[in-house]
$ cat my_file14.cif   # mmCIF, C-alpha atoms
data_final
loop_
_atom_site.label_atom_id
_atom_site.label_comp_id
_atom_site.auth_asym_id
_atom_site.auth_seq_id
_atom_site.Cartn_x
_atom_site.Cartn_y
_atom_site.Cartn_z
CA MET A 6 145.59 13.26 136.47
CA ALA A 7 144.00 16.50 135.22
CA ILE A 8 141.01 17.91 137.04
CA THR A 9 138.57 20.14 135.13
CA TYR A 10 136.54 22.79 136.91
CA GLY A 11 133.45 24.19 135.15
CA VAL A 12 130.92 26.88 135.91
CA ASN A 13 127.42 26.82 134.52
CA MET A 14 127.02 30.48 133.49
CA SER A 15 123.35 29.95 132.76
CA THR A 16 122.68 29.72 136.48
CA PHE A 17 124.82 32.71 137.47
CA ASN A 18 122.89 35.69 138.86
CA PRO A 19 124.93 38.91 139.13
CA GLN A 20 122.58 40.20 141.85
CA GLY A 21 123.26 37.21 144.07
CA SER A 22 119.80 35.73 144.14
CA ALA A 23 119.35 32.01 143.96
CA PRO A 24 118.03 30.59 140.71
CA VAL A 25 114.56 29.21 140.54
CA HIS A 26 114.28 25.93 138.67
CA SER A 27 111.24 25.45 136.54
CA ALA A 28 109.44 22.18 136.02
CA SER A 29 111.47 21.59 132.88
CA GLY A 30 114.65 21.84 134.90
CA SER A 31 115.88 25.16 133.43
CA ALA A 32 116.94 27.86 135.84
CA ALA A 33 115.16 31.26 136.01
CA PHE A 34 115.86 34.25 138.24
CA PRO A 35 113.17 36.40 139.93
CA LEU A 36 112.74 39.99 138.64
CA SER A 37 114.27 42.70 140.80
CA GLN A 38 112.20 45.66 142.12
CA HIS A 39 113.83 47.91 139.51
CA ASP A 40 112.81 45.56 136.71
CA SER A 41 109.19 45.28 137.94
CA MET A 42 108.50 49.11 138.02
CA PRO A 43 107.71 50.80 134.68
CA PRO A 44 109.72 53.99 133.94
CA VAL A 45 108.28 57.36 134.97
CA ARG A 46 107.05 59.19 131.90
CA GLY A 47 106.55 62.86 131.09
CA ASN A 48 103.14 64.45 131.50
CA ALA A 49 101.95 66.48 128.51
CA PHE A 50 98.64 67.21 130.23
CA GLY A 51 100.51 68.58 133.24
CA ILE A 52 102.71 70.86 131.13
CA THR A 53 99.64 72.13 129.26
CA ALA A 54 97.86 72.80 132.55
CA LEU A 55 100.88 74.70 133.88
CA VAL A 56 101.18 76.92 130.79
CA LEU A 57 97.43 77.66 130.75
CA GLY A 58 97.48 78.37 134.49
CA ILE A 59 100.35 80.86 134.22
CA VAL A 60 98.72 82.74 131.33
CA ALA A 61 95.36 82.74 133.12
CA VAL A 62 96.87 84.20 136.32
CA VAL A 63 98.60 86.97 134.34
CA PHE A 64 95.35 87.96 132.62
CA SER A 65 93.35 87.69 135.84
CA PHE A 66 95.14 90.75 137.28
CA ILE A 67 94.18 92.94 134.30
CA PRO A 68 90.73 94.58 134.58
CA VAL A 69 88.40 93.73 131.68
CA MET A 70 91.08 91.47 130.15
CA GLY A 71 90.57 89.27 133.20
CA MET A 72 87.63 87.72 131.37
CA VAL A 73 90.24 85.62 129.53
CA ALA A 74 90.98 83.92 132.85
CA PHE A 75 87.43 82.56 132.93
CA VAL A 76 88.30 80.60 129.79
CA LEU A 77 91.91 79.60 130.40
CA GLY A 78 91.46 78.98 134.14
CA PRO A 79 88.91 76.16 133.79
CA LEU A 80 90.98 74.64 130.98
CA ALA A 81 94.03 74.64 133.26
CA VAL A 82 91.97 72.95 135.98
CA LEU A 83 90.69 70.33 133.53
CA PHE A 84 94.12 69.49 132.14
CA GLY A 85 95.54 69.52 135.66
CA ILE A 86 93.02 66.97 136.89
CA VAL A 87 93.73 64.70 133.91
CA GLY A 88 97.47 65.08 134.47
CA VAL A 89 97.24 64.25 138.17
CA THR A 90 95.21 61.09 137.54
CA ARG A 91 97.60 59.68 134.91
CA LYS A 92 99.60 56.73 136.24
CA PHE A 93 103.40 56.54 136.13
CA SER A 94 103.65 60.22 135.11
CA LYS A 95 105.28 63.21 136.76
CA LYS A 96 102.56 65.14 138.57
CA GLY A 97 104.34 68.34 139.69
CA ALA A 98 103.41 70.42 136.66
CA ALA A 99 99.84 69.10 136.71
CA VAL A 100 99.36 70.06 140.37
CA ALA A 101 100.87 73.51 139.78
CA GLY A 102 98.65 74.08 136.74
CA LEU A 103 95.58 72.97 138.69
CA VAL A 104 96.34 75.38 141.55
CA LEU A 105 97.10 78.28 139.19
CA GLY A 106 93.89 77.65 137.25
CA ILE A 107 91.78 77.84 140.41
CA LEU A 108 93.71 80.91 141.61
CA SER A 109 93.18 82.74 138.31
CA ILE A 110 89.43 82.15 138.47
CA VAL A 111 89.26 83.50 142.02
CA ILE A 112 91.33 86.61 141.19
CA ALA A 113 89.33 87.32 138.04
CA ALA A 114 86.06 86.95 139.97
CA ILE A 115 87.26 89.42 142.61
CA TRP A 116 88.29 91.96 139.95
CA LEU A 117 84.96 91.48 138.17
CA ALA A 118 83.08 92.20 141.39
CA VAL A 119 85.19 95.30 142.10
CA VAL A 120 84.80 96.69 138.58
CA GLY A 121 81.08 95.90 138.57
CA ALA A 122 80.60 97.72 141.86
CA ALA A 123 82.57 100.73 140.59
CA VAL A 124 80.55 100.89 137.37
CA SER A 125 77.29 100.61 139.27
CA SER A 126 78.34 103.35 141.69
CA ALA A 127 79.44 105.62 138.83
CA ASP A 128 76.16 105.03 137.01
CA GLN A 129 74.15 105.91 140.10
CA THR A 130 76.24 109.04 140.62
CA LEU A 131 75.89 110.20 137.03
CA ASN A 132 72.19 109.46 136.69
CA SER A 133 70.94 110.47 140.14
CA GLU A 134 68.27 113.18 139.97
CA HIS A 135 68.61 116.57 141.66
CA THR A 136 66.66 119.79 141.90
CA VAL A 137 68.14 122.90 140.27
CA GLU A 138 66.77 126.38 140.80
CA TYR A 139 67.61 129.21 138.41
CA VAL A 140 67.38 132.64 140.02
CA VAL A 141 67.42 135.96 138.09
CA THR A 142 67.14 139.53 139.32
CA THR A 143 66.66 142.43 136.93
CA LYS A 144 65.86 146.14 136.76
CA GLY A 145 63.58 146.35 133.77
CA LYS A 146 62.97 143.98 130.92
CA ALA A 147 65.34 141.08 130.27
CA ALA A 148 65.64 137.84 128.34
CA VAL A 149 66.49 134.60 130.14
CA ASN A 150 68.04 131.56 128.50
CA TYR A 151 68.40 128.42 130.61
CA TRP A 152 68.85 124.66 130.32
CA SER A 153 66.06 122.24 131.25
CA ASP A 154 65.39 118.53 130.79
CA SER A 155 63.78 119.29 127.44
CA GLY A 156 66.76 121.31 126.23
CA THR A 157 67.41 125.04 126.07
CA SER A 158 64.50 127.34 126.91
CA THR A 159 64.06 131.10 126.59
CA GLU A 160 61.73 133.44 128.46
CA ASP A 161 61.16 137.21 128.44
CA ILE A 162 60.76 138.71 131.89
CA ALA A 163 60.13 142.15 133.37
CA ALA A 164 60.83 141.38 137.04
CA ASN A 165 62.78 139.03 139.25
CA TRP A 166 62.39 135.41 138.13
CA LYS A 167 62.91 131.85 139.43
CA LYS A 168 62.64 128.45 137.77
CA ALA A 169 63.04 124.98 139.32
CA VAL A 170 63.94 121.99 137.13
CA THR A 171 64.96 118.40 137.76
CA VAL A 172 68.31 117.36 136.30
CA LYS A 173 70.80 114.51 136.45
CA ASN A 174 74.14 114.86 138.19
CA SER A 175 75.96 114.62 134.86
CA ASP A 176 73.96 117.41 133.17
CA LEU A 177 75.70 120.68 132.38
CA LEU A 178 73.77 123.64 133.73
CA SER A 179 73.52 127.03 132.04
CA LEU A 180 71.72 130.30 132.79
CA VAL A 181 72.16 133.55 130.79
CA VAL A 182 70.22 136.78 131.39
CA THR A 183 70.45 139.78 129.06
CA GLY A 184 69.07 143.23 129.97
CA ASP A 185 67.16 145.65 127.75
CA PHE A 186 69.47 147.38 125.26
CA ALA A 187 67.30 150.50 125.49
CA ASN A 188 67.87 150.81 129.22
CA ALA A 189 71.23 152.37 130.05
CA SER A 190 70.72 151.72 133.76
CA ALA A 191 69.88 148.04 133.38
CA ALA A 192 71.22 145.70 136.04
CA VAL A 193 70.88 141.91 136.02
CA SER A 194 72.16 138.97 138.04
CA CYS A 195 71.99 135.18 137.77
CA GLU A 196 72.47 132.34 140.23
CA ILE A 197 72.22 128.54 140.02
CA LEU A 198 71.23 126.57 143.12
CA PHE A 199 71.91 122.84 143.07
CA ASP A 200 69.88 121.07 145.77
CA GLY A 201 69.76 124.40 147.60
CA LYS A 202 73.50 125.11 147.29
CA SER A 203 74.79 127.95 145.17
CA ILE A 204 77.20 126.66 142.51
CA ALA A 205 77.38 129.70 140.21
CA LYS A 206 76.62 133.43 140.53
CA ASN A 207 77.24 136.49 138.34
CA THR A 208 76.05 140.07 137.72
CA GLY A 209 76.00 142.64 134.91
CA SER A 210 74.98 146.28 134.52
CA GLY A 211 74.63 149.01 131.93
CA GLN A 212 73.07 149.08 128.49
CA GLY A 213 72.61 145.53 127.23
CA ALA A 214 73.81 144.17 130.62
CA MET A 215 74.46 140.45 130.61
CA ALA A 216 75.17 137.87 133.32
CA SER A 217 76.09 134.26 132.63
CA CYS A 218 76.18 131.32 135.06
CA SER A 219 77.13 127.70 134.40
CA GLY A 220 78.11 124.58 136.31
CA SER A 221 77.17 121.00 137.13
CA GLY A 222 76.38 118.85 140.11
CA PHE A 223 79.91 117.41 140.34
CA GLY A 224 81.68 118.69 143.41
CA SER A 225 78.66 120.55 144.70
CA GLU A 226 78.51 118.24 147.75
CA SER A 227 81.84 119.60 148.97
CA LYS A 228 80.74 123.22 148.86
#
$ encode --input "my_file14.cif" --output "structure tokens"
Amino acid sequence: MAITYGVNMSTFNPQGSAPVHSASGSAAFPLSQHDSMPPVRGNAFGITALVLGIVAVVFSFIPVMGMVAFVLGPLAVLFGIVGVTRKFSKKGAAVAGLVLGILSIVIAAIWLAVVGAAVSSADQTLNSEHTVEYVVTTKGKAAVNYWSDSGTSTEDIAANWKKAVTVKNSDLLSLVVTGDFANASAAVSCEILFDGKSIAKNTGSGQGAMASCSGSGFGSESK
């Protein structure tokens, strides 16, 4: 007598789980954990955030050009937040872009504050007001040419002479005294005092004697 063995392949589960019979009598197998999880996808928002963050950080270290970071940095933060909140997507690039975006904004803000302070300090230094005194000595008649806030001025003198003017630190100072050409024994001298400190001094003698002094307020503090 022949005996026949049969296997119902419809109820065979390669993972070893028991079949579940439905009300209709057909067998069904439960989904595994691998089958129930959707695949992890790429994250275009995260990649965009990372690229923007890198570029923003590079620009943030460059004075003046760091203003670009105030545009790209917030964009990197925005794309990073969107990338982090997307489900079933890789979040590494999004997090990195978010961090770099914030970092670029901070660095650019620091550089902006430093540059702003430097510009303000330079402006105050250049435009600060000081008192300048022009001093001339002469034997006989002489002509004096000097710089003032209204431009170049000229005066004819016959004795020692002084003139005080108010100038800015960035102004170039000039004082020229020329003796009488008819006086062979003429002797003249000039001196510029900046806030009481002598910054230029010169003398001349003989017919048509001339003395010239020039300077500025820069470096006068160290004298």
$ closest_residue --input "my_file14.cif" --among "A:Asn188, A:Ser221, A:Thr142, A:Thr208" --to "Ser175 of chain A" --atoms "only C-alpha atoms"
A:Ser221
$ closest_residue --input "my_file14.cif" --among "A:Gly88, A:Gly145, A:Gly78, A:Gly97" --to "Ala114 of chain A" --atoms "all atoms listed in the file"
A:Gly78
$ atom_distance --input "my_file14.cif" --atom1 "atom CA of Ala81 of chain A" --atom2 "atom CA of Gly121 of chain A"
25.5 Å
$ resolve_selection --input "my_file14.cif" --expression "the PyMOL selection byres ((chain A and resi 195) around 6)" --output "MDAnalysis selection string"
chainID A and resid 140:141 194 196 206:207
$ write_last_selection --input "my_file14.cif" --atoms "C-alpha atoms" --output "tab-separated table (two decimals), keeping the file's coordinate frame"
chain	number	residue	atom	x	y	z
A	140	VAL	CA	67.38	132.64	140.02
A	141	VAL	CA	67.42	135.96	138.09
A	194	SER	CA	72.16	138.97	138.04
A	196	GLU	CA	72.47	132.34	140.23
A	206	LYS	CA	76.62	133.43	140.53
A	207	ASN	CA	77.24	136.49	138.34
$ resolve_selection --input "my_file14.cif" --expression "the PyMOL selection byres ((chain A and resi 49) around 12)" --output "list of chain:residue names"
A:Arg46, A:Gly47, A:Asn48, A:Phe50, A:Gly51, A:Ile52, A:Thr53, A:Ala54, A:Leu55, A:Val56, A:Phe84, A:Gly85, A:Val87, A:Gly88, A:Val89, A:Arg91, A:Ser94, A:Lys95, A:Lys96, A:Gly97, A:Ala98, A:Ala99, A:Gly102
$ write_last_selection --input "my_file14.cif" --atoms "C-alpha atoms" --output "PDB file, keeping the file's coordinate frame"
ATOM      1  CA  ARG A  46     107.050  59.190 131.900  1.00  0.00           C
ATOM      2  CA  GLY A  47     106.550  62.860 131.090  1.00  0.00           C
ATOM      3  CA  ASN A  48     103.140  64.450 131.500  1.00  0.00           C
ATOM      4  CA  PHE A  50      98.640  67.210 130.230  1.00  0.00           C
ATOM      5  CA  GLY A  51     100.510  68.580 133.240  1.00  0.00           C
ATOM      6  CA  ILE A  52     102.710  70.860 131.130  1.00  0.00           C
ATOM      7  CA  THR A  53      99.640  72.130 129.260  1.00  0.00           C
ATOM      8  CA  ALA A  54      97.860  72.800 132.550  1.00  0.00           C
ATOM      9  CA  LEU A  55     100.880  74.700 133.880  1.00  0.00           C
ATOM     10  CA  VAL A  56     101.180  76.920 130.790  1.00  0.00           C
ATOM     11  CA  PHE A  84      94.120  69.490 132.140  1.00  0.00           C
ATOM     12  CA  GLY A  85      95.540  69.520 135.660  1.00  0.00           C
ATOM     13  CA  VAL A  87      93.730  64.700 133.910  1.00  0.00           C
ATOM     14  CA  GLY A  88      97.470  65.080 134.470  1.00  0.00           C
ATOM     15  CA  VAL A  89      97.240  64.250 138.170  1.00  0.00           C
ATOM     16  CA  ARG A  91      97.600  59.680 134.910  1.00  0.00           C
ATOM     17  CA  SER A  94     103.650  60.220 135.110  1.00  0.00           C
ATOM     18  CA  LYS A  95     105.280  63.210 136.760  1.00  0.00           C
ATOM     19  CA  LYS A  96     102.560  65.140 138.570  1.00  0.00           C
ATOM     20  CA  GLY A  97     104.340  68.340 139.690  1.00  0.00           C
ATOM     21  CA  ALA A  98     103.410  70.420 136.660  1.00  0.00           C
ATOM     22  CA  ALA A  99      99.840  69.100 136.710  1.00  0.00           C
ATOM     23  CA  GLY A 102      98.650  74.080 136.740  1.00  0.00           C
TER      24      GLY A 102
END
$ resolve_selection --input "my_file14.cif" --expression "the PyMOL selection byres ((chain A and resi 181) around 8)" --output "count of residues only"
12
$ residues_near_point --input "my_file14.cif" --point "(102.8, 81.7, 140.4)" --cutoff "9 Å" --atoms "only C-alpha atoms" --output "list of chain:residue names"
A:Gly58, A:Ile59, A:Val62, A:Ala101, A:Leu105
$ atom_distance --input "my_file14.cif" --atom1 "atom CA of Leu178 of chain A" --atom2 "atom CA of Asn132 of chain A"
14.6 Å
$ atom_distance --input "my_file14.cif" --atom1 "atom CA of Leu177 of chain A" --atom2 "atom CA of Lys202 of chain A"
15.7 Å
$ closest_residue --input "my_file14.cif" --among "A:Val193, A:Ala147, A:Val82, A:Ala61" --to "Thr159 of chain A" --atoms "all atoms listed in the file"
A:Ala147
